[in-house]
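Notes to accompany the following structure.
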Protein chains: 2
Amino acid sequence: MTEDELAALEKRMIELAKKNSEYIRKEMPKAEAVSYFSQKNDEYKLDLLSNLTDGEITFYTQGNFTDLCRGPHIPNTGFIKAIKLTAVAGAYWKGDEKNKQLTRVYGVTFPSQKELDEHLAMLEEAKKRDHRKLGKELGIYTMSDDVGPGLILWMPNGTVIIEELEKLAKETEQEAGYKRVVTPHIAKESMYLTSGHLPYYADSMFPPMEMDGEKYYLKAMNCPHHHKIFDAEPKSYRDMPYRIAEYGTCYRYEQSGELFGLMRVRCLHMNDAHIYCTKDQFAQEFKAVNDMYLKYFKIFGIDKYIMRLSLHDPEKLGQKYVNEPALWLETEDLVRKVLIETGVPFVEVKGEGAFYGPKIDVQIWSAIGREFTLATNQVDFAQSRSFKLSFTNQNNEAEIPLIIHRAPLGTHERFIGFLLEHYAGKLPLWLAPLQVKVLPISDKFLDYAKLVSDKLKKADIRSEVDDRNEKIGKKIRDTELLKVPYMLVVGEREMNENKVAVRRQGKGDLGVKGVDEFLADAVSEIKERREE
Amino acid sequence: MTEDELAALEKRMIELAKKNSEYIRKEMPKAEAVSYFSQKNDEYKLDLLSNLTDGEITFYTQGNFTDLCRGPHIPNTGFIKAIKLTAVAGAYWKGDEKNKQLTRVYGVTFPSQKELDEHLAMLEEAKKRDHRKLGKELGIYTMSDDVGPGLILWMPNGTVIIEELEKLAKETEQEAGYKRVVTPHIAKESMYLTSGHLPYYADSMFPPMEMDGEKYYLKAMNCPHHHKIFDAEPKSYRDMPYRIAEYGTCYRYEQSGELFGLMRVRCLHMNDAHIYCTKDQFAQEFKAVNDMYLKYFKIFGIDKYIMRLSLHDPEKLGQKYVNEPALWLETEDLVRKVLIETGVPFVEVKGEGAFYGPKIDVQIWSAIGREFTLATNQVDFAQSRSFKLSFTNQNNEAEIPLIIHRAPLGTHERFIGFLLEHYAGKLPLWLAPLQVKVLPISDKFLDYAKLVSDKLKKADIRSEVDDRNEKIGKKIRDTELLKVPYMLVVGEREMNENKVAVRRQGKGDLGVKGVDEFLADAVSEIKERREE
């Protein structure tokens, strides 16, 4: 079957659907079913039957078509109102490349044509918003065969976004009482033997470098380095909670076939931090982290999100989970209470917690309804013990701290990939690599355009002049393609009156404004990180 | 001889010096000299004589002491006014560990006691200012056996300094028209075969990681990655000069015995940038880089510096130097002119240029007169060719750009090490990890102290309250030890009048000021990066 034949097939399906023909279910003894397919010489159904138990074999009949099927089905074809066959592809029987190749037809159906159309429009929009396409068009990132797969080279425009995100994180974290650290990208084998990442996580780590008779590894996470900083000076209860943050760069090995644009990479810049706290401080610290997530969701206009609270399984204590039953129940309950109090939507999943404590995975949806896993927020009872971390409590005894691992903005790679789709590349002013382009309608106004642009630059607005000898229409079209938030058109009138004609990306002409007025508006839009 | 005997020896030397006894020089035939030392059974002098040619043997006699010596000497011991014997150590004859061990006495003498005292004070001061000692006392950095030697873990206080330096670099570079990029820390072997770092620089690189049948190396420099970014999009003369900057983290292998605090490390954060320009733009770009160095010297109060202009050797063109005689002379002349025009002190050194072009090494002296090599500034004709970089010139032809490599602030590691010594840990306000400490004279004024501190924090001043239940004298002494620039003492009077009693590190009491007045002064001191 070719893709061209799909349209004809789709049409025929709609015709058949209109017949309101019923789906009739029938149970059948295995022997009878085998006999049925033997007569038809159907090797595939016989293969399926060989794995089924007698008493669970069901058939469905619709019109003159009868087949083996577990069901369920809709009662009759009249329920089918809208069909789109989207693709045809070769597929090995049972997904095994040693078996014969068959043809698989992909299609979707919705209860109404409107819903189908909306779904198809979303897919079409997702294609236009593909971060790999936008990443190239907007000069965000590149890759190179000589550097290696999954290793992102951030170009100037992408680096502006990175720096704005880091600025946001630093401001937010400073206000929340975090201190910052900087750690190397490598450590000795002994570090990862202590943390337990070796040998259990070895497959996800880069291979070692052998030097001075020691093995060194690229770090796949920042925690062990942070623990060493916690441990560098004696701590007392007065130092707790001790919160340290780093936009740490980690390296993780992914199969090259799994790599995908910014979404799955081998070098990750992580909005990481670790909070070392007492049990009494835990609930408040965890709530503060949760509030930080919500603050970020608001800034980025993320309306749809869910938190997935992963718990331990009491039957696997001491095997899959640290054997601290009371601590598990206590922290799980604290985490649950925080989620309930803050009113965020969440689901609980038993048996998916980390080895060292309960965790929350954060799922968000982009503006066009695609789902992304953003970040995790984890409680940790175990690593403090492995790294022998402690603080002196008020009774002058050594006490083991709890650790919260958190990364609300995830990694630059995945988050910027998400933002490109979410905003269709039309980033809010504060994040836009180029914020303003000044377009003189002819060379006569070039000096004035430069004067305006320089004034904006002095106020830390990223501005450029389109000094090409081109018609104003072309200048506007080219700037639109680069998704620059503001275009300031300047000609005779604007120059004489110290004004600019303002065009906003996606909103068109906003009329003529004084230069100072535009500047003040833009500065406040940036400062408040508004999304308009 | 023991160290304890040095004082007695020193005393005796002074006594002898006072005798104004002459140094008498005498030439001697080799045979006579050999006979002289044979009689004395002096195997060492006989060993020395065996390597000397007849006719060049000289002896000196002073008092009743006669010895083989090339000279010159002072005319008589009366010139000796001040002596300090500083150390005694074992030393192998001729520095060869296979030879016998002798005793070496170290000492210095100056024409006056005053000069000797100044020199000794400088050495004493250098010990106090040792960046390793200050680094620990001030919580700047730490290291860990599990991470590895030469790999710095930057603690919160050190990270503040890093971030302030990066902020300065980013501001300065943005104003100078640089764009920023972010690149991974690894690349494939093929990258370093193209750049020529492999095999020639392999000894200074970390060993490879073998993955997916390829060798990956930690980067020892950022240039190749930057070249890939230059090459990611077609460039025209309109894009030139193209300046890209990154605080790139590089890894260089140093023998573990060579590692020294922050001065010699294996992980370096480099204030790197590459400028791709046309030949016509070169002089102006090079001058701009030079001006940037001078700007930084001024900010950091570096009064004494020299630039070392390293040139090619015409006899080694095509071997040690790229075979472009005209380009060498042309760029060397352009560089020389820039140095003369800007009036910076410089020396020229033939035959020390890089393979790919002339370079400038920058030498600076700290406040106590110790010399540091800070950074280099290099011209490059070769790498554009190796990486096949080009831009379309105004005649629509592909042209090869010149590249300037520059790193005015060197690496965080060495520069922060230098700054700790230069400022004796008393960093200027803008660089200080903690800028203000508010000291309530009793708990009664704790709330007011917090109010003041919060107000400062809102203005981005790094401020803390000393909320311990301690006497004010102790609070002041402890804060002095941490070298916090401002202490604000608050009591009854200050609280009632909304004032603070200001103490400045190194200046003592500055009197009582209104909170807003202090805040405005501090903000301007930070903004102007003043050094007072």
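As shown in the structure tokens, the chain order sets the letters A, B, ...; within each chain, residues go from 1, and ligands are also counted from 1 in the order they appear.
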
Can you list, as a PyMOL selection string, every protein, DNA or RNA residue that comes within 9 Å of A:Val147 when you count only C-alpha atoms, leaving out same-chain residues fewer than 5 positions away?
(chain A and resi 152-153) or (chain B and resi 184+186-191+216+225+228)

DSSP-assigned alpha helix (DSSP H) members of stretch 345-516 of chain B, reported as a PDB file with N, CA, C and O atoms, in the first residue's frame:
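selection.pdb, freshly written:
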```pdb
ATOM      1  N   GLN B 383      44.795  29.049  12.151  1.00  0.00           N
ATOM      2  CA  GLN B 383      43.636  28.199  12.442  1.00  0.00           C
ATOM      3  C   GLN B 383      42.470  28.418  11.483  1.00  0.00           C
ATOM      4  O   GLN B 383      41.710  27.504  11.206  1.00  0.00           O
ATOM      5  N   SER B 384      42.317  29.652  10.964  1.00  0.00           N
ATOM      6  CA  SER B 384      41.266  29.895   9.966  1.00  0.00           C
ATOM      7  C   SER B 384      41.446  28.958   8.781  1.00  0.00           C
ATOM      8  O   SER B 384      40.473  28.472   8.214  1.00  0.00           O
ATOM      9  N   ARG B 385      42.709  28.729   8.406  1.00  0.00           N
ATOM     10  CA  ARG B 385      42.980  27.832   7.283  1.00  0.00           C
ATOM     11  C   ARG B 385      42.671  26.389   7.673  1.00  0.00           C
ATOM     12  O   ARG B 385      41.993  25.662   6.945  1.00  0.00           O
ATOM     13  N   SER B 386      43.169  25.950   8.857  1.00  0.00           N
ATOM     14  CA  SER B 386      42.944  24.555   9.266  1.00  0.00           C
ATOM     15  C   SER B 386      41.451  24.236   9.347  1.00  0.00           C
ATOM     16  O   SER B 386      41.016  23.155   8.985  1.00  0.00           O
ATOM     17  N   HIS B 412      39.850  32.432  36.223  1.00  0.00           N
ATOM     18  CA  HIS B 412      39.359  32.721  37.574  1.00  0.00           C
ATOM     19  C   HIS B 412      40.381  32.282  38.598  1.00  0.00           C
ATOM     20  O   HIS B 412      40.630  32.966  39.587  1.00  0.00           O
ATOM     21  N   GLU B 413      40.935  31.090  38.368  1.00  0.00           N
ATOM     22  CA  GLU B 413      41.808  30.493  39.365  1.00  0.00           C
ATOM     23  C   GLU B 413      42.986  31.431  39.632  1.00  0.00           C
ATOM     24  O   GLU B 413      43.195  31.889  40.759  1.00  0.00           O
ATOM     25  N   ARG B 414      43.764  31.727  38.605  1.00  0.00           N
ATOM     26  CA  ARG B 414      44.965  32.528  38.823  1.00  0.00           C
ATOM     27  C   ARG B 414      44.620  33.973  39.211  1.00  0.00           C
ATOM     28  O   ARG B 414      45.266  34.557  40.073  1.00  0.00           O
ATOM     29  N   PHE B 415      43.574  34.523  38.590  1.00  0.00           N
ATOM     30  CA  PHE B 415      43.270  35.922  38.862  1.00  0.00           C
ATOM     31  C   PHE B 415      42.761  36.113  40.294  1.00  0.00           C
ATOM     32  O   PHE B 415      43.144  37.068  40.983  1.00  0.00           O
ATOM     33  N   ILE B 416      41.929  35.208  40.756  1.00  0.00           N
ATOM     34  CA  ILE B 416      41.434  35.326  42.133  1.00  0.00           C
ATOM     35  C   ILE B 416      42.589  35.072  43.106  1.00  0.00           C
ATOM     36  O   ILE B 416      42.713  35.747  44.131  1.00  0.00           O
ATOM     37  N   GLY B 417      43.481  34.138  42.770  1.00  0.00           N
ATOM     38  CA  GLY B 417      44.692  33.933  43.577  1.00  0.00           C
ATOM     39  C   GLY B 417      45.503  35.218  43.669  1.00  0.00           C
ATOM     40  O   GLY B 417      45.933  35.630  44.763  1.00  0.00           O
ATOM     41  N   PHE B 418      45.675  35.879  42.514  1.00  0.00           N
ATOM     42  CA  PHE B 418      46.392  37.151  42.484  1.00  0.00           C
ATOM     43  C   PHE B 418      45.676  38.201  43.340  1.00  0.00           C
ATOM     44  O   PHE B 418      46.302  38.900  44.157  1.00  0.00           O
ATOM     45  N   LEU B 419      44.356  38.315  43.160  1.00  0.00           N
ATOM     46  CA  LEU B 419      43.601  39.357  43.882  1.00  0.00           C
ATOM     47  C   LEU B 419      43.682  39.157  45.401  1.00  0.00           C
ATOM     48  O   LEU B 419      43.772  40.136  46.155  1.00  0.00           O
ATOM     49  N   LEU B 420      43.653  37.906  45.844  1.00  0.00           N
ATOM     50  CA  LEU B 420      43.731  37.653  47.286  1.00  0.00           C
ATOM     51  C   LEU B 420      45.047  38.184  47.847  1.00  0.00           C
ATOM     52  O   LEU B 420      45.071  38.803  48.913  1.00  0.00           O
ATOM     53  N   GLU B 421      46.139  37.968  47.126  1.00  0.00           N
ATOM     54  CA  GLU B 421      47.422  38.512  47.584  1.00  0.00           C
ATOM     55  C   GLU B 421      47.457  40.033  47.448  1.00  0.00           C
ATOM     56  O   GLU B 421      47.866  40.747  48.369  1.00  0.00           O
ATOM     57  N   HIS B 422      47.007  40.499  46.270  1.00  0.00           N
ATOM     58  CA  HIS B 422      47.059  41.931  45.953  1.00  0.00           C
ATOM     59  C   HIS B 422      46.325  42.760  47.012  1.00  0.00           C
ATOM     60  O   HIS B 422      46.805  43.801  47.458  1.00  0.00           O
ATOM     61  N   LEU B 446      18.003  43.876  67.692  1.00  0.00           N
ATOM     62  CA  LEU B 446      18.079  42.860  66.649  1.00  0.00           C
ATOM     63  C   LEU B 446      17.075  43.145  65.533  1.00  0.00           C
ATOM     64  O   LEU B 446      17.409  43.052  64.344  1.00  0.00           O
ATOM     65  N   ASP B 447      15.856  43.514  65.904  1.00  0.00           N
ATOM     66  CA  ASP B 447      14.835  43.767  64.887  1.00  0.00           C
ATOM     67  C   ASP B 447      15.240  44.947  64.006  1.00  0.00           C
ATOM     68  O   ASP B 447      15.075  44.902  62.783  1.00  0.00           O
ATOM     69  N   TYR B 448      15.763  45.974  64.636  1.00  0.00           N
ATOM     70  CA  TYR B 448      16.199  47.141  63.859  1.00  0.00           C
ATOM     71  C   TYR B 448      17.356  46.747  62.933  1.00  0.00           C
ATOM     72  O   TYR B 448      17.388  47.137  61.758  1.00  0.00           O
ATOM     73  N   ALA B 449      18.296  45.916  63.454  1.00  0.00           N
ATOM     74  CA  ALA B 449      19.427  45.455  62.633  1.00  0.00           C
ATOM     75  C   ALA B 449      18.923  44.697  61.401  1.00  0.00           C
ATOM     76  O   ALA B 449      19.408  44.900  60.284  1.00  0.00           O
ATOM     77  N   LYS B 450      17.899  43.857  61.619  1.00  0.00           N
ATOM     78  CA  LYS B 450      17.343  43.095  60.492  1.00  0.00           C
ATOM     79  C   LYS B 450      16.664  44.001  59.474  1.00  0.00           C
ATOM     80  O   LYS B 450      16.764  43.786  58.264  1.00  0.00           O
ATOM     81  N   LEU B 451      16.006  45.024  59.992  1.00  0.00           N
ATOM     82  CA  LEU B 451      15.327  46.002  59.131  1.00  0.00           C
ATOM     83  C   LEU B 451      16.347  46.681  58.218  1.00  0.00           C
ATOM     84  O   LEU B 451      16.151  46.811  57.006  1.00  0.00           O
ATOM     85  N   VAL B 452      17.471  47.106  58.842  1.00  0.00           N
ATOM     86  CA  VAL B 452      18.535  47.776  58.077  1.00  0.00           C
ATOM     87  C   VAL B 452      19.100  46.812  57.037  1.00  0.00           C
ATOM     88  O   VAL B 452      19.238  47.139  55.854  1.00  0.00           O
ATOM     89  N   SER B 453      19.405  45.587  57.480  1.00  0.00           N
ATOM     90  CA  SER B 453      20.002  44.601  56.583  1.00  0.00           C
ATOM     91  C   SER B 453      19.071  44.281  55.414  1.00  0.00           C
ATOM     92  O   SER B 453      19.516  44.198  54.261  1.00  0.00           O
ATOM     93  N   ASP B 454      17.786  44.125  55.692  1.00  0.00           N
ATOM     94  CA  ASP B 454      16.835  43.820  54.621  1.00  0.00           C
ATOM     95  C   ASP B 454      16.761  44.951  53.605  1.00  0.00           C
ATOM     96  O   ASP B 454      16.635  44.722  52.411  1.00  0.00           O
ATOM     97  N   LYS B 455      16.840  46.170  54.108  1.00  0.00           N
ATOM     98  CA  LYS B 455      16.796  47.325  53.209  1.00  0.00           C
ATOM     99  C   LYS B 455      18.009  47.297  52.275  1.00  0.00           C
ATOM    100  O   LYS B 455      17.891  47.573  51.079  1.00  0.00           O
ATOM    101  N   LEU B 456      19.174  46.969  52.821  1.00  0.00           N
ATOM    102  CA  LEU B 456      20.389  46.885  52.004  1.00  0.00           C
ATOM    103  C   LEU B 456      20.258  45.761  50.977  1.00  0.00           C
ATOM    104  O   LEU B 456      20.610  45.922  49.811  1.00  0.00           O
ATOM    105  N   LYS B 457      19.730  44.611  51.437  1.00  0.00           N
ATOM    106  CA  LYS B 457      19.602  43.472  50.525  1.00  0.00           C
ATOM    107  C   LYS B 457      18.696  43.806  49.346  1.00  0.00           C
ATOM    108  O   LYS B 457      18.949  43.382  48.229  1.00  0.00           O
ATOM    109  N   LYS B 458      17.635  44.577  49.620  1.00  0.00           N
ATOM    110  CA  LYS B 458      16.725  44.967  48.535  1.00  0.00           C
ATOM    111  C   LYS B 458      17.451  45.783  47.485  1.00  0.00           C
ATOM    112  O   LYS B 458      17.067  45.811  46.323  1.00  0.00           O
ATOM    113  N   ILE B 472      29.594  43.373  71.861  1.00  0.00           N
ATOM    114  CA  ILE B 472      29.849  44.090  70.611  1.00  0.00           C
ATOM    115  C   ILE B 472      31.333  44.033  70.220  1.00  0.00           C
ATOM    116  O   ILE B 472      31.667  43.949  69.035  1.00  0.00           O
ATOM    117  N   GLY B 473      32.217  44.046  71.233  1.00  0.00           N
ATOM    118  CA  GLY B 473      33.657  43.972  70.944  1.00  0.00           C
ATOM    119  C   GLY B 473      34.010  42.689  70.204  1.00  0.00           C
ATOM    120  O   GLY B 473      34.745  42.707  69.218  1.00  0.00           O
ATOM    121  N   LYS B 474      33.447  41.598  70.674  1.00  0.00           N
ATOM    122  CA  LYS B 474      33.711  40.317  70.017  1.00  0.00           C
ATOM    123  C   LYS B 474      33.120  40.286  68.603  1.00  0.00           C
ATOM    124  O   LYS B 474      33.740  39.790  67.663  1.00  0.00           O
ATOM    125  N   LYS B 475      31.913  40.836  68.476  1.00  0.00           N
ATOM    126  CA  LYS B 475      31.288  40.870  67.146  1.00  0.00           C
ATOM    127  C   LYS B 475      32.173  41.634  66.159  1.00  0.00           C
ATOM    128  O   LYS B 475      32.368  41.211  65.016  1.00  0.00           O
ATOM    129  N   ILE B 476      32.712  42.765  66.617  1.00  0.00           N
ATOM    130  CA  ILE B 476      33.579  43.572  65.737  1.00  0.00           C
ATOM    131  C   ILE B 476      34.840  42.791  65.384  1.00  0.00           C
ATOM    132  O   ILE B 476      35.222  42.708  64.211  1.00  0.00           O
ATOM    133  N   ARG B 477      35.474  42.188  66.390  1.00  0.00           N
ATOM    134  CA  ARG B 477      36.716  41.445  66.127  1.00  0.00           C
ATOM    135  C   ARG B 477      36.475  40.289  65.138  1.00  0.00           C
ATOM    136  O   ARG B 477      37.239  40.106  64.203  1.00  0.00           O
ATOM    137  N   ASP B 478      35.389  39.538  65.338  1.00  0.00           N
ATOM    138  CA  ASP B 478      35.104  38.403  64.455  1.00  0.00           C
ATOM    139  C   ASP B 478      34.837  38.872  63.019  1.00  0.00           C
ATOM    140  O   ASP B 478      35.238  38.224  62.056  1.00  0.00           O
ATOM    141  N   THR B 479      34.143  39.990  62.895  1.00  0.00           N
ATOM    142  CA  THR B 479      33.823  40.486  61.560  1.00  0.00           C
ATOM    143  C   THR B 479      35.077  41.011  60.866  1.00  0.00           C
ATOM    144  O   THR B 479      35.244  40.839  59.660  1.00  0.00           O
ATOM    145  N   GLU B 480      35.971  41.633  61.655  1.00  0.00           N
ATOM    146  CA  GLU B 480      37.261  42.093  61.108  1.00  0.00           C
ATOM    147  C   GLU B 480      38.016  40.914  60.496  1.00  0.00           C
ATOM    148  O   GLU B 480      38.602  41.022  59.414  1.00  0.00           O
ATOM    149  N   LEU B 481      38.022  39.790  61.200  1.00  0.00           N
ATOM    150  CA  LEU B 481      38.749  38.604  60.724  1.00  0.00           C
ATOM    151  C   LEU B 481      38.232  38.127  59.372  1.00  0.00           C
ATOM    152  O   LEU B 481      38.983  37.619  58.556  1.00  0.00           O
ATOM    153  N   GLU B 492      20.746  52.025  70.760  1.00  0.00           N
ATOM    154  CA  GLU B 492      19.589  52.880  71.098  1.00  0.00           C
ATOM    155  C   GLU B 492      19.495  54.109  70.177  1.00  0.00           C
ATOM    156  O   GLU B 492      18.496  54.346  69.525  1.00  0.00           O
ATOM    157  N   ARG B 493      20.609  54.871  70.133  1.00  0.00           N
ATOM    158  CA  ARG B 493      20.594  56.136  69.401  1.00  0.00           C
ATOM    159  C   ARG B 493      20.339  55.900  67.910  1.00  0.00           C
ATOM    160  O   ARG B 493      19.511  56.567  67.288  1.00  0.00           O
ATOM    161  N   GLU B 494      21.068  54.918  67.339  1.00  0.00           N
ATOM    162  CA  GLU B 494      20.911  54.633  65.918  1.00  0.00           C
ATOM    163  C   GLU B 494      19.466  54.257  65.595  1.00  0.00           C
ATOM    164  O   GLU B 494      18.896  54.713  64.605  1.00  0.00           O
ATOM    165  N   MET B 495      18.888  53.389  66.448  1.00  0.00           N
ATOM    166  CA  MET B 495      17.524  52.933  66.193  1.00  0.00           C
ATOM    167  C   MET B 495      16.538  54.101  66.243  1.00  0.00           C
ATOM    168  O   MET B 495      15.698  54.259  65.364  1.00  0.00           O
ATOM    169  N   ASN B 496      16.691  54.946  67.240  1.00  0.00           N
ATOM    170  CA  ASN B 496      15.747  56.061  67.390  1.00  0.00           C
ATOM    171  C   ASN B 496      15.850  57.071  66.262  1.00  0.00           C
ATOM    172  O   ASN B 496      14.874  57.702  65.884  1.00  0.00           O
ATOM    173  N   GLU B 497      17.064  57.215  65.721  1.00  0.00           N
ATOM    174  CA  GLU B 497      17.256  58.241  64.679  1.00  0.00           C
ATOM    175  C   GLU B 497      17.348  57.651  63.277  1.00  0.00           C
ATOM    176  O   GLU B 497      17.692  58.349  62.328  1.00  0.00           O
ATOM    177  N   VAL B 515      20.566  55.813  57.487  1.00  0.00           N
ATOM    178  CA  VAL B 515      20.566  54.556  56.728  1.00  0.00           C
ATOM    179  C   VAL B 515      20.554  54.834  55.226  1.00  0.00           C
ATOM    180  O   VAL B 515      21.312  54.232  54.461  1.00  0.00           O
ATOM    181  N   ASP B 516      19.694  55.755  54.779  1.00  0.00           N
ATOM    182  CA  ASP B 516      19.595  56.041  53.348  1.00  0.00           C
ATOM    183  C   ASP B 516      20.893  56.626  52.796  1.00  0.00           C
ATOM    184  O   ASP B 516      21.278  56.335  51.674  1.00  0.00           O
TER     185      ASP B 516
END
```

Neighbouring residues of stretch 316-331 of chain B were defined as those with any atom within 9 Å, considering only C-alpha atoms; residues of the same chain fewer than 3 positions away were excluded. Please report them as number ranges by chain.
B: 279, 282-283, 311-313, 334-336, 351, 353-358, 379, 381-382

Would you put the residues from that selection into a file with N, CA, C and O atoms, as a short mmCIF file (atom, residue, chain, number, x, y, z; two decimals), in the first residue's frame?
```
data_model
loop_
_atom_site.label_atom_id
_atom_site.label_comp_id
_atom_site.auth_asym_id
_atom_site.auth_seq_id
_atom_site.Cartn_x
_atom_site.Cartn_y
_atom_site.Cartn_z
N LYS B 279 41.80 42.02 7.51
CA LYS B 279 43.11 42.64 7.75
C LYS B 279 42.96 44.14 8.06
O LYS B 279 43.68 44.68 8.89
N PHE B 282 42.08 44.76 11.64
CA PHE B 282 42.93 44.17 12.67
C PHE B 282 43.49 45.18 13.69
O PHE B 282 43.37 44.98 14.91
N ALA B 283 44.10 46.27 13.18
CA ALA B 283 44.78 47.21 14.10
C ALA B 283 43.79 47.77 15.13
O ALA B 283 44.07 47.82 16.33
N LEU B 311 57.86 37.75 18.94
CA LEU B 311 57.87 37.80 17.47
C LEU B 311 58.34 36.48 16.89
O LEU B 311 58.80 35.59 17.61
N HIS B 312 58.28 36.36 15.54
CA HIS B 312 58.77 35.14 14.89
C HIS B 312 60.28 35.26 14.67
O HIS B 312 60.88 36.31 14.90
N ASP B 313 60.87 34.16 14.24
CA ASP B 313 62.28 34.14 13.86
C ASP B 313 62.31 33.83 12.37
O ASP B 313 61.92 32.73 11.96
N LEU B 334 51.90 46.10 13.03
CA LEU B 334 50.63 46.65 13.50
C LEU B 334 50.54 46.55 15.03
O LEU B 334 50.15 47.51 15.70
N VAL B 335 50.93 45.40 15.56
CA VAL B 335 50.89 45.20 17.01
C VAL B 335 51.83 46.19 17.71
O VAL B 335 51.46 46.84 18.68
N ARG B 336 53.05 46.31 17.16
CA ARG B 336 54.04 47.21 17.75
C ARG B 336 53.50 48.65 17.78
O ARG B 336 53.61 49.35 18.78
N GLY B 351 61.64 35.30 18.28
CA GLY B 351 61.66 33.83 18.34
C GLY B 351 60.82 33.23 19.45
O GLY B 351 61.00 32.09 19.82
N GLY B 353 57.25 33.93 19.42
CA GLY B 353 55.87 34.01 18.96
C GLY B 353 55.23 32.63 18.99
O GLY B 353 55.91 31.61 19.10
N ALA B 354 53.86 32.61 18.90
CA ALA B 354 53.18 31.31 18.77
C ALA B 354 53.41 30.81 17.35
O ALA B 354 53.86 31.55 16.48
N PHE B 355 53.09 29.55 17.10
CA PHE B 355 53.22 28.96 15.76
C PHE B 355 52.47 29.80 14.73
O PHE B 355 52.92 30.01 13.63
N TYR B 356 51.30 30.31 15.17
CA TYR B 356 50.38 30.91 14.21
C TYR B 356 50.35 32.44 14.18
O TYR B 356 49.53 33.03 13.51
N GLY B 357 51.26 33.08 14.92
CA GLY B 357 51.27 34.54 14.87
C GLY B 357 51.94 35.15 16.09
O GLY B 357 52.23 34.45 17.07
N PRO B 358 52.17 36.47 16.06
CA PRO B 358 52.80 37.13 17.21
C PRO B 358 51.87 37.12 18.42
O PRO B 358 50.65 37.07 18.27
N VAL B 379 47.72 36.79 17.96
CA VAL B 379 47.24 36.93 16.58
C VAL B 379 47.38 35.56 15.93
O VAL B 379 48.33 34.84 16.22
N PHE B 381 47.09 33.49 12.18
CA PHE B 381 46.78 33.36 10.74
C PHE B 381 46.43 31.92 10.37
O PHE B 381 45.99 31.67 9.26
N ALA B 382 46.75 30.97 11.26
CA ALA B 382 46.78 29.57 10.83
C ALA B 382 45.47 28.83 11.01
O ALA B 382 45.05 28.07 10.14
#
```

Please, which residues of chain B lie no more than 9 Å from chain A when the count uses only C-alpha atoms, and can they be set out as number ranges by chain?
B: 139, 141-148, 151-160, 162, 179-192, 206-212, 216, 225-226, 228-230, 232-233, 244, 249, 255-256, 267

Provide the atom CA of B:Lys19 to atom CA of B:Phe79 distance in Å, to one decimal place.
10.5 Å

DSSP strand (DSSP E) selection over stretch 64-312 of chain B, as JSON, numbers by chain
{"B": [65, 66, 67, 68, 82, 83, 84, 85, 86, 87, 88, 89, 90, 91, 92, 101, 102, 103, 104, 105, 106, 107, 108, 109, 110, 141, 142, 153, 154, 179, 180, 186, 187, 188, 209, 210, 211, 214, 215, 216, 217, 218, 242, 243, 244, 245, 246, 247, 248, 249, 250, 251, 267, 268, 269, 270, 271, 272, 273, 274, 275, 276, 277, 305, 306, 307, 308, 309, 310]}

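Take atom CA of A:Ser35 and atom CA of A:Gly90: the distance between them is 29.0 Å.
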
Can you measure atom CA of B:Ala91 to atom CA of B:Met1 for me? One decimal in Å is fine.
12.7 Å

Fewer than 2 positions away in the same chain doesn't count, so skip those; otherwise give me all residues within 12 Å of B:Asn64, counting only C-alpha atoms, as a ChimeraX atom specification.
/B:16,21-24,60-62,66-67

Please, could you write that set of residues out with N, CA and C atoms as a tab-separated table (two decimals), in the first residue's frame?
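That gives us out.tsv:
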```tsv
chain	number	residue	atom	x	y	z
B	16	LEU	N	82.78	40.89	61.07
B	16	LEU	CA	83.85	40.81	60.06
B	16	LEU	C	83.70	41.91	59.02
B	21	SER	N	87.73	44.87	55.33
B	21	SER	CA	88.80	44.08	54.72
B	21	SER	C	88.57	43.94	53.22
B	22	GLU	N	89.69	44.05	52.46
B	22	GLU	CA	89.60	44.08	51.00
B	22	GLU	C	89.38	42.70	50.37
B	23	TYR	N	88.78	42.66	49.19
B	23	TYR	CA	88.71	41.45	48.36
B	23	TYR	C	89.82	41.58	47.32
B	24	ILE	N	90.80	40.71	47.33
B	24	ILE	CA	91.92	40.80	46.41
B	24	ILE	C	91.83	39.73	45.33
B	60	TYR	N	90.07	34.77	44.74
B	60	TYR	CA	89.84	35.96	45.56
B	60	TYR	C	90.33	35.66	46.98
B	61	THR	N	90.95	36.65	47.58
B	61	THR	CA	91.37	36.51	48.97
B	61	THR	C	90.74	37.62	49.78
B	62	GLN	N	90.22	37.25	50.94
B	62	GLN	CA	89.66	38.26	51.86
B	62	GLN	C	90.01	37.79	53.25
B	66	THR	N	91.03	32.29	51.17
B	66	THR	CA	91.31	32.36	49.73
B	66	THR	C	90.53	31.27	49.03
B	67	ASP	N	89.85	31.64	47.92
B	67	ASP	CA	89.07	30.62	47.22
B	67	ASP	C	88.99	30.92	45.73
```
